[in-house]
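Source file entry-v3.cif; content: mmCIF, N, CA and C atoms.
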data_run
loop_
_atom_site.label_atom_id
_atom_site.label_comp_id
_atom_site.auth_asym_id
_atom_site.auth_seq_id
_atom_site.Cartn_x
_atom_site.Cartn_y
_atom_site.Cartn_z
N ALA A 1 0.83 -1.18 0.00
CA ALA A 1 0.00 0.00 0.00
C ALA A 1 0.88 1.25 0.00
N GLN A 2 0.50 2.21 -0.80
CA GLN A 2 1.24 3.46 -0.86
C GLN A 2 0.51 4.53 -0.09
N ALA A 3 1.27 5.37 0.55
CA ALA A 3 0.68 6.48 1.30
C ALA A 3 0.39 7.62 0.34
N ILE A 4 -0.75 8.23 0.54
CA ILE A 4 -1.15 9.38 -0.27
C ILE A 4 -1.17 10.60 0.64
N ASN A 5 -0.59 11.68 0.18
CA ASN A 5 -0.63 12.91 0.95
C ASN A 5 -2.03 13.51 0.79
N MET A 6 -2.85 13.36 1.81
CA MET A 6 -4.24 13.77 1.74
C MET A 6 -4.45 15.26 1.98
N ILE A 7 -3.48 15.93 2.54
CA ILE A 7 -3.67 17.34 2.88
C ILE A 7 -3.99 18.19 1.64
N PRO A 8 -3.23 18.10 0.56
CA PRO A 8 -3.59 18.92 -0.62
C PRO A 8 -4.97 18.57 -1.18
N ILE A 9 -5.35 17.32 -1.08
CA ILE A 9 -6.66 16.89 -1.59
C ILE A 9 -7.78 17.44 -0.71
N THR A 10 -7.62 17.37 0.60
CA THR A 10 -8.69 17.76 1.51
C THR A 10 -8.76 19.27 1.76
N LYS A 11 -7.66 19.98 1.53
CA LYS A 11 -7.68 21.44 1.78
C LYS A 11 -8.73 22.17 0.95
N SER A 12 -9.00 21.68 -0.23
CA SER A 12 -9.96 22.38 -1.08
C SER A 12 -11.42 22.12 -0.68
N ILE A 13 -11.66 21.11 0.16
CA ILE A 13 -13.03 20.78 0.54
C ILE A 13 -13.28 20.87 2.04
N THR A 14 -12.28 21.30 2.81
CA THR A 14 -12.43 21.44 4.25
C THR A 14 -12.01 22.85 4.68
N LYS A 15 -12.36 23.19 5.89
CA LYS A 15 -11.95 24.48 6.43
C LYS A 15 -10.52 24.45 6.97
N TRP A 16 -10.05 23.25 7.34
CA TRP A 16 -8.72 23.10 7.93
C TRP A 16 -8.29 21.65 7.78
N ALA A 17 -7.03 21.41 7.50
CA ALA A 17 -6.52 20.05 7.35
C ALA A 17 -5.15 19.96 8.01
N TRP A 18 -4.93 18.89 8.75
CA TRP A 18 -3.68 18.73 9.50
C TRP A 18 -3.32 17.26 9.60
N THR A 19 -2.02 16.96 9.59
CA THR A 19 -1.52 15.60 9.80
C THR A 19 -0.58 15.60 11.00
N ILE A 20 -0.82 14.70 11.93
CA ILE A 20 0.14 14.49 13.02
C ILE A 20 1.19 13.53 12.47
N LYS A 21 2.42 14.00 12.38
CA LYS A 21 3.45 13.26 11.66
C LYS A 21 4.24 12.27 12.52
N SER A 22 4.25 12.45 13.84
CA SER A 22 5.00 11.53 14.70
C SER A 22 4.31 11.43 16.04
N LYS A 23 4.61 10.37 16.78
CA LYS A 23 3.98 10.20 18.09
C LYS A 23 4.39 11.32 19.05
N ASP A 24 5.59 11.84 18.89
CA ASP A 24 6.04 12.93 19.75
C ASP A 24 5.23 14.20 19.47
N GLU A 25 4.99 14.47 18.22
CA GLU A 25 4.18 15.63 17.86
C GLU A 25 2.76 15.46 18.40
N GLY A 26 2.24 14.25 18.32
CA GLY A 26 0.90 14.00 18.83
C GLY A 26 0.82 14.21 20.33
N ALA A 27 1.83 13.74 21.06
CA ALA A 27 1.82 13.88 22.51
C ALA A 27 1.95 15.34 22.92
N LYS A 28 2.82 16.07 22.25
CA LYS A 28 3.06 17.47 22.61
C LYS A 28 1.91 18.37 22.18
N CYS A 29 1.29 18.05 21.06
CA CYS A 29 0.32 18.96 20.47
C CYS A 29 -1.11 18.43 20.50
N TRP A 30 -1.35 17.34 21.20
CA TRP A 30 -2.66 16.71 21.14
C TRP A 30 -3.78 17.68 21.50
N ALA A 31 -3.65 18.35 22.62
CA ALA A 31 -4.70 19.28 23.04
C ALA A 31 -4.83 20.43 22.05
N TRP A 32 -3.71 20.99 21.59
CA TRP A 32 -3.75 22.08 20.63
C TRP A 32 -4.41 21.64 19.33
N THR A 33 -4.06 20.45 18.85
CA THR A 33 -4.59 19.95 17.59
C THR A 33 -6.10 19.77 17.65
N LEU A 34 -6.58 19.13 18.71
CA LEU A 34 -8.02 18.92 18.84
C LEU A 34 -8.76 20.24 19.04
N TYR A 35 -8.19 21.12 19.85
CA TYR A 35 -8.80 22.43 20.07
C TYR A 35 -8.90 23.21 18.76
N THR A 36 -7.82 23.22 18.00
CA THR A 36 -7.81 23.95 16.74
C THR A 36 -8.80 23.36 15.74
N ALA A 37 -8.85 22.03 15.64
CA ALA A 37 -9.80 21.39 14.73
C ALA A 37 -11.23 21.76 15.10
N TYR A 38 -11.55 21.69 16.38
CA TYR A 38 -12.90 22.03 16.84
C TYR A 38 -13.21 23.50 16.58
N LYS A 39 -12.26 24.37 16.91
CA LYS A 39 -12.45 25.81 16.72
C LYS A 39 -12.67 26.14 15.25
N LYS A 40 -11.85 25.57 14.37
CA LYS A 40 -11.98 25.84 12.94
C LYS A 40 -13.30 25.32 12.39
N ALA A 41 -13.74 24.17 12.89
CA ALA A 41 -14.98 23.58 12.40
C ALA A 41 -16.20 24.43 12.72
N PHE A 42 -16.18 25.12 13.88
CA PHE A 42 -17.37 25.82 14.32
C PHE A 42 -17.28 27.34 14.26
N GLU A 43 -16.12 27.90 13.91
CA GLU A 43 -16.05 29.35 13.81
C GLU A 43 -16.63 29.81 12.48
N GLY A 44 -17.30 30.96 12.52
CA GLY A 44 -17.96 31.44 11.30
C GLY A 44 -19.01 30.45 10.86
N ARG A 45 -19.03 30.18 9.60
CA ARG A 45 -19.96 29.17 9.08
C ARG A 45 -19.39 27.78 9.38
N PRO A 46 -20.12 26.91 10.08
CA PRO A 46 -19.61 25.58 10.41
C PRO A 46 -19.28 24.77 9.15
N GLY A 47 -18.26 23.95 9.27
CA GLY A 47 -17.87 23.11 8.14
C GLY A 47 -16.90 22.03 8.57
N PRO A 48 -16.58 21.11 7.67
CA PRO A 48 -15.73 19.97 8.01
C PRO A 48 -14.26 20.36 8.15
N VAL A 49 -13.57 19.62 8.99
CA VAL A 49 -12.11 19.71 9.11
C VAL A 49 -11.55 18.30 8.91
N TRP A 50 -10.25 18.22 8.62
CA TRP A 50 -9.60 16.94 8.38
C TRP A 50 -8.42 16.83 9.32
N LEU A 51 -8.43 15.82 10.18
CA LEU A 51 -7.31 15.54 11.07
C LEU A 51 -6.85 14.13 10.78
N GLU A 52 -5.65 14.03 10.24
CA GLU A 52 -5.11 12.74 9.83
C GLU A 52 -4.11 12.25 10.88
N ILE A 53 -4.34 11.03 11.36
CA ILE A 53 -3.42 10.39 12.30
C ILE A 53 -2.99 9.07 11.66
N PRO A 54 -1.79 9.03 11.06
CA PRO A 54 -1.33 7.83 10.35
C PRO A 54 -1.27 6.61 11.27
N LEU A 55 -1.38 5.43 10.66
CA LEU A 55 -1.39 4.18 11.44
C LEU A 55 -0.15 4.01 12.31
N ASN A 56 1.03 4.40 11.80
CA ASN A 56 2.24 4.23 12.61
C ASN A 56 2.17 5.07 13.87
N VAL A 57 1.52 6.22 13.82
CA VAL A 57 1.35 7.05 15.01
C VAL A 57 0.27 6.45 15.91
N GLN A 58 -0.80 5.97 15.32
CA GLN A 58 -1.87 5.35 16.11
C GLN A 58 -1.39 4.12 16.87
N MET A 59 -0.51 3.36 16.25
CA MET A 59 -0.06 2.10 16.83
C MET A 59 1.13 2.24 17.78
N SER A 60 1.70 3.42 17.90
CA SER A 60 2.89 3.60 18.73
C SER A 60 2.52 3.86 20.18
N ASP A 61 3.42 3.47 21.07
CA ASP A 61 3.25 3.76 22.49
C ASP A 61 3.58 5.23 22.72
N CYS A 62 2.89 5.82 23.66
CA CYS A 62 3.09 7.23 23.93
C CYS A 62 3.16 7.45 25.43
N ASN A 63 4.19 8.11 25.90
CA ASN A 63 4.31 8.45 27.31
C ASN A 63 3.75 9.83 27.53
N TRP A 64 2.56 9.92 28.07
CA TRP A 64 1.90 11.20 28.30
C TRP A 64 2.34 11.67 29.62
#

Once you've parsed the file, please lay out its structure as structure tokens.
Amino acid sequence: AQAINMIPITKSITKWAWTIKSKDEGAKCWAWTLYTAYKKAFEGRPGPVWLEIPLNVQMSDCNW
């Protein structure tokens, strides 16, 4: 399976698009990322946002 960079594809149809690239970035920015996604989705006219969490990040251990 090949990875597709979804951000350029989703930017044109969402209000905001973001990819968490590593488990460290996810741990450090988790609250900021979710807050920003929620804020962007509901500010002004509500609309969809895209938050991508790759499988390698989902499957990794994280020390919070």

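This file gives the following result for the PyMOL selection byres ((chain A and resi 21) around 7): Thr19, Ile20, Ser22, Lys23, Asp24, Glu25, Gly26, Glu52, Ile53, Pro54 and Val57 of chain A.
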
What does the PyMOL selection byres (((chain A and resi 16 and name CA) around 7) and name CA) select in this file, as a PDB file with N, CA and C atoms, in the coordinates of the input?
ATOM      1  N   LYS A  11      -7.660  19.980   1.530  1.00  0.00           N
ATOM      2  CA  LYS A  11      -7.680  21.440   1.780  1.00  0.00           C
ATOM      3  C   LYS A  11      -8.730  22.170   0.950  1.00  0.00           C
ATOM      4  N   THR A  14     -12.280  21.300   2.810  1.00  0.00           N
ATOM      5  CA  THR A  14     -12.430  21.440   4.250  1.00  0.00           C
ATOM      6  C   THR A  14     -12.010  22.850   4.680  1.00  0.00           C
ATOM      7  N   LYS A  15     -12.360  23.190   5.890  1.00  0.00           N
ATOM      8  CA  LYS A  15     -11.950  24.480   6.430  1.00  0.00           C
ATOM      9  C   LYS A  15     -10.520  24.450   6.970  1.00  0.00           C
ATOM     10  N   ALA A  17      -7.030  21.410   7.500  1.00  0.00           N
ATOM     11  CA  ALA A  17      -6.520  20.050   7.350  1.00  0.00           C
ATOM     12  C   ALA A  17      -5.150  19.960   8.010  1.00  0.00           C
ATOM     13  N   TRP A  18      -4.930  18.890   8.750  1.00  0.00           N
ATOM     14  CA  TRP A  18      -3.680  18.730   9.500  1.00  0.00           C
ATOM     15  C   TRP A  18      -3.320  17.260   9.600  1.00  0.00           C
ATOM     16  N   LYS A  40     -11.850  25.570  14.370  1.00  0.00           N
ATOM     17  CA  LYS A  40     -11.980  25.840  12.940  1.00  0.00           C
ATOM     18  C   LYS A  40     -13.300  25.320  12.390  1.00  0.00           C
ATOM     19  N   VAL A  49     -13.570  19.620   8.990  1.00  0.00           N
ATOM     20  CA  VAL A  49     -12.110  19.710   9.110  1.00  0.00           C
ATOM     21  C   VAL A  49     -11.550  18.300   8.910  1.00  0.00           C
ATOM     22  N   TRP A  50     -10.250  18.220   8.620  1.00  0.00           N
ATOM     23  CA  TRP A  50      -9.600  16.940   8.380  1.00  0.00           C
ATOM     24  C   TRP A  50      -8.420  16.830   9.320  1.00  0.00           C
TER      25      TRP A  50
END

Interatomic distance (Å, one decimal) between CA of Gly47 in chain A and atom C of Ile13 in chain A:
8.0 Å

I need the residues of chain A that end up classed as strand (DSSP E or B) by DSSP on the backbone, written out as a CSV table (one decimal) with N, CA and C atoms, in the frame of the given file.
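Okay, selection.csv is ready:
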chain,number,residue,atom,x,y,z
A,16,TRP,N,-10.0,23.2,7.3
A,16,TRP,CA,-8.7,23.1,7.9
A,16,TRP,C,-8.3,21.6,7.8
A,17,ALA,N,-7.0,21.4,7.5
A,17,ALA,CA,-6.5,20.0,7.4
A,17,ALA,C,-5.2,20.0,8.0
A,18,TRP,N,-4.9,18.9,8.8
A,18,TRP,CA,-3.7,18.7,9.5
A,18,TRP,C,-3.3,17.3,9.6
A,19,THR,N,-2.0,17.0,9.6
A,19,THR,CA,-1.5,15.6,9.8
A,19,THR,C,-0.6,15.6,11.0
A,49,VAL,N,-13.6,19.6,9.0
A,49,VAL,CA,-12.1,19.7,9.1
A,49,VAL,C,-11.6,18.3,8.9
A,50,TRP,N,-10.2,18.2,8.6
A,50,TRP,CA,-9.6,16.9,8.4
A,50,TRP,C,-8.4,16.8,9.3
A,51,LEU,N,-8.4,15.8,10.2
A,51,LEU,CA,-7.3,15.5,11.1
A,51,LEU,C,-6.8,14.1,10.8
A,52,GLU,N,-5.6,14.0,10.2
A,52,GLU,CA,-5.1,12.7,9.8
A,52,GLU,C,-4.1,12.2,10.9

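For the pair atom C of Thr10 in chain A and CA of Trp30 in chain A, the interatomic distance is 20.5 Å.
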
Which of chain A end up as alpha helix (DSSP H) when DSSP is run on this backbone - answer as a ChimeraX atom specification?
/A:6-11,23-42,55-58

Grab the atom N of Gly44 in chain A to atom C of Ile4 in chain A distance for me, in Å with one decimal place.
28.6 Å

Counting all atoms listed in the file, closest pick from A:Ile9, A:Ala3, A:Ala37, A:Ala31 relative to Leu51 in chain A is A:Ala37

Your completed range 31-53 of chain A with N, CA, C and O atoms, as a PDB file, in the frame of the given file:
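The resulting rebuild.pdb:
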ATOM      1  N   ALA A  31      -3.650  18.350  22.620  1.00  0.00           N
ATOM      2  CA  ALA A  31      -4.700  19.280  23.040  1.00  0.00           C
ATOM      3  C   ALA A  31      -4.830  20.430  22.050  1.00  0.00           C
ATOM      4  O   ALA A  31      -5.949  20.811  21.680  1.00  0.00           O
ATOM      5  N   TRP A  32      -3.710  20.990  21.590  1.00  0.00           N
ATOM      6  CA  TRP A  32      -3.750  22.080  20.630  1.00  0.00           C
ATOM      7  C   TRP A  32      -4.410  21.640  19.330  1.00  0.00           C
ATOM      8  O   TRP A  32      -5.244  22.356  18.774  1.00  0.00           O
ATOM      9  N   THR A  33      -4.060  20.450  18.850  1.00  0.00           N
ATOM     10  CA  THR A  33      -4.590  19.950  17.590  1.00  0.00           C
ATOM     11  C   THR A  33      -6.100  19.770  17.650  1.00  0.00           C
ATOM     12  O   THR A  33      -6.833  20.213  16.767  1.00  0.00           O
ATOM     13  N   LEU A  34      -6.580  19.130  18.710  1.00  0.00           N
ATOM     14  CA  LEU A  34      -8.020  18.920  18.840  1.00  0.00           C
ATOM     15  C   LEU A  34      -8.760  20.240  19.040  1.00  0.00           C
ATOM     16  O   LEU A  34      -9.826  20.466  18.465  1.00  0.00           O
ATOM     17  N   TYR A  35      -8.190  21.120  19.850  1.00  0.00           N
ATOM     18  CA  TYR A  35      -8.800  22.430  20.070  1.00  0.00           C
ATOM     19  C   TYR A  35      -8.900  23.210  18.760  1.00  0.00           C
ATOM     20  O   TYR A  35      -9.943  23.792  18.445  1.00  0.00           O
ATOM     21  N   THR A  36      -7.820  23.220  18.000  1.00  0.00           N
ATOM     22  CA  THR A  36      -7.810  23.950  16.740  1.00  0.00           C
ATOM     23  C   THR A  36      -8.800  23.360  15.740  1.00  0.00           C
ATOM     24  O   THR A  36      -9.530  24.106  15.077  1.00  0.00           O
ATOM     25  N   ALA A  37      -8.850  22.030  15.640  1.00  0.00           N
ATOM     26  CA  ALA A  37      -9.800  21.390  14.730  1.00  0.00           C
ATOM     27  C   ALA A  37     -11.230  21.760  15.100  1.00  0.00           C
ATOM     28  O   ALA A  37     -12.036  22.124  14.235  1.00  0.00           O
ATOM     29  N   TYR A  38     -11.550  21.690  16.380  1.00  0.00           N
ATOM     30  CA  TYR A  38     -12.900  22.030  16.840  1.00  0.00           C
ATOM     31  C   TYR A  38     -13.210  23.500  16.580  1.00  0.00           C
ATOM     32  O   TYR A  38     -14.273  23.847  16.063  1.00  0.00           O
ATOM     33  N   LYS A  39     -12.260  24.370  16.910  1.00  0.00           N
ATOM     34  CA  LYS A  39     -12.450  25.810  16.720  1.00  0.00           C
ATOM     35  C   LYS A  39     -12.670  26.140  15.250  1.00  0.00           C
ATOM     36  O   LYS A  39     -13.582  26.901  14.901  1.00  0.00           O
ATOM     37  N   LYS A  40     -11.850  25.570  14.370  1.00  0.00           N
ATOM     38  CA  LYS A  40     -11.980  25.840  12.940  1.00  0.00           C
ATOM     39  C   LYS A  40     -13.300  25.320  12.390  1.00  0.00           C
ATOM     40  O   LYS A  40     -13.912  25.949  11.527  1.00  0.00           O
ATOM     41  N   ALA A  41     -13.740  24.170  12.890  1.00  0.00           N
ATOM     42  CA  ALA A  41     -14.980  23.580  12.400  1.00  0.00           C
ATOM     43  C   ALA A  41     -16.200  24.430  12.720  1.00  0.00           C
ATOM     44  O   ALA A  41     -17.147  24.489  11.939  1.00  0.00           O
ATOM     45  N   PHE A  42     -16.180  25.120  13.880  1.00  0.00           N
ATOM     46  CA  PHE A  42     -17.370  25.820  14.320  1.00  0.00           C
ATOM     47  C   PHE A  42     -17.280  27.340  14.260  1.00  0.00           C
ATOM     48  O   PHE A  42     -18.276  28.015  14.506  1.00  0.00           O
ATOM     49  N   GLU A  43     -16.120  27.900  13.910  1.00  0.00           N
ATOM     50  CA  GLU A  43     -16.050  29.350  13.810  1.00  0.00           C
ATOM     51  C   GLU A  43     -16.630  29.810  12.480  1.00  0.00           C
ATOM     52  O   GLU A  43     -16.477  29.150  11.464  1.00  0.00           O
ATOM     53  N   GLY A  44     -17.300  30.960  12.520  1.00  0.00           N
ATOM     54  CA  GLY A  44     -17.960  31.440  11.300  1.00  0.00           C
ATOM     55  C   GLY A  44     -19.010  30.450  10.860  1.00  0.00           C
ATOM     56  O   GLY A  44     -19.779  29.926  11.666  1.00  0.00           O
ATOM     57  N   ARG A  45     -19.030  30.180   9.600  1.00  0.00           N
ATOM     58  CA  ARG A  45     -19.960  29.170   9.080  1.00  0.00           C
ATOM     59  C   ARG A  45     -19.390  27.780   9.380  1.00  0.00           C
ATOM     60  O   ARG A  45     -18.267  27.470   8.977  1.00  0.00           O
ATOM     61  N   PRO A  46     -20.120  26.910  10.080  1.00  0.00           N
ATOM     62  CA  PRO A  46     -19.610  25.580  10.410  1.00  0.00           C
ATOM     63  C   PRO A  46     -19.280  24.770   9.150  1.00  0.00           C
ATOM     64  O   PRO A  46     -19.945  24.904   8.125  1.00  0.00           O
ATOM     65  N   GLY A  47     -18.260  23.950   9.270  1.00  0.00           N
ATOM     66  CA  GLY A  47     -17.870  23.110   8.140  1.00  0.00           C
ATOM     67  C   GLY A  47     -16.900  22.030   8.570  1.00  0.00           C
ATOM     68  O   GLY A  47     -16.415  22.012   9.701  1.00  0.00           O
ATOM     69  N   PRO A  48     -16.580  21.110   7.670  1.00  0.00           N
ATOM     70  CA  PRO A  48     -15.730  19.970   8.010  1.00  0.00           C
ATOM     71  C   PRO A  48     -14.260  20.360   8.150  1.00  0.00           C
ATOM     72  O   PRO A  48     -13.780  21.300   7.521  1.00  0.00           O
ATOM     73  N   VAL A  49     -13.570  19.620   8.990  1.00  0.00           N
ATOM     74  CA  VAL A  49     -12.110  19.710   9.110  1.00  0.00           C
ATOM     75  C   VAL A  49     -11.550  18.300   8.910  1.00  0.00           C
ATOM     76  O   VAL A  49     -12.264  17.318   9.019  1.00  0.00           O
ATOM     77  N   TRP A  50     -10.250  18.220   8.620  1.00  0.00           N
ATOM     78  CA  TRP A  50      -9.600  16.940   8.380  1.00  0.00           C
ATOM     79  C   TRP A  50      -8.420  16.830   9.320  1.00  0.00           C
ATOM     80  O   TRP A  50      -7.501  17.649   9.283  1.00  0.00           O
ATOM     81  N   LEU A  51      -8.430  15.820  10.180  1.00  0.00           N
ATOM     82  CA  LEU A  51      -7.310  15.540  11.070  1.00  0.00           C
ATOM     83  C   LEU A  51      -6.850  14.130  10.780  1.00  0.00           C
ATOM     84  O   LEU A  51      -7.570  13.160  11.003  1.00  0.00           O
ATOM     85  N   GLU A  52      -5.650  14.030  10.240  1.00  0.00           N
ATOM     86  CA  GLU A  52      -5.110  12.740   9.830  1.00  0.00           C
ATOM     87  C   GLU A  52      -4.110  12.250  10.880  1.00  0.00           C
ATOM     88  O   GLU A  52      -3.187  12.970  11.245  1.00  0.00           O
ATOM     89  N   ILE A  53      -4.340  11.030  11.360  1.00  0.00           N
ATOM     90  CA  ILE A  53      -3.420  10.390  12.300  1.00  0.00           C
ATOM     91  C   ILE A  53      -2.990   9.070  11.660  1.00  0.00           C
ATOM     92  O   ILE A  53      -3.733   8.098  11.663  1.00  0.00           O
TER      93      ILE A  53
END
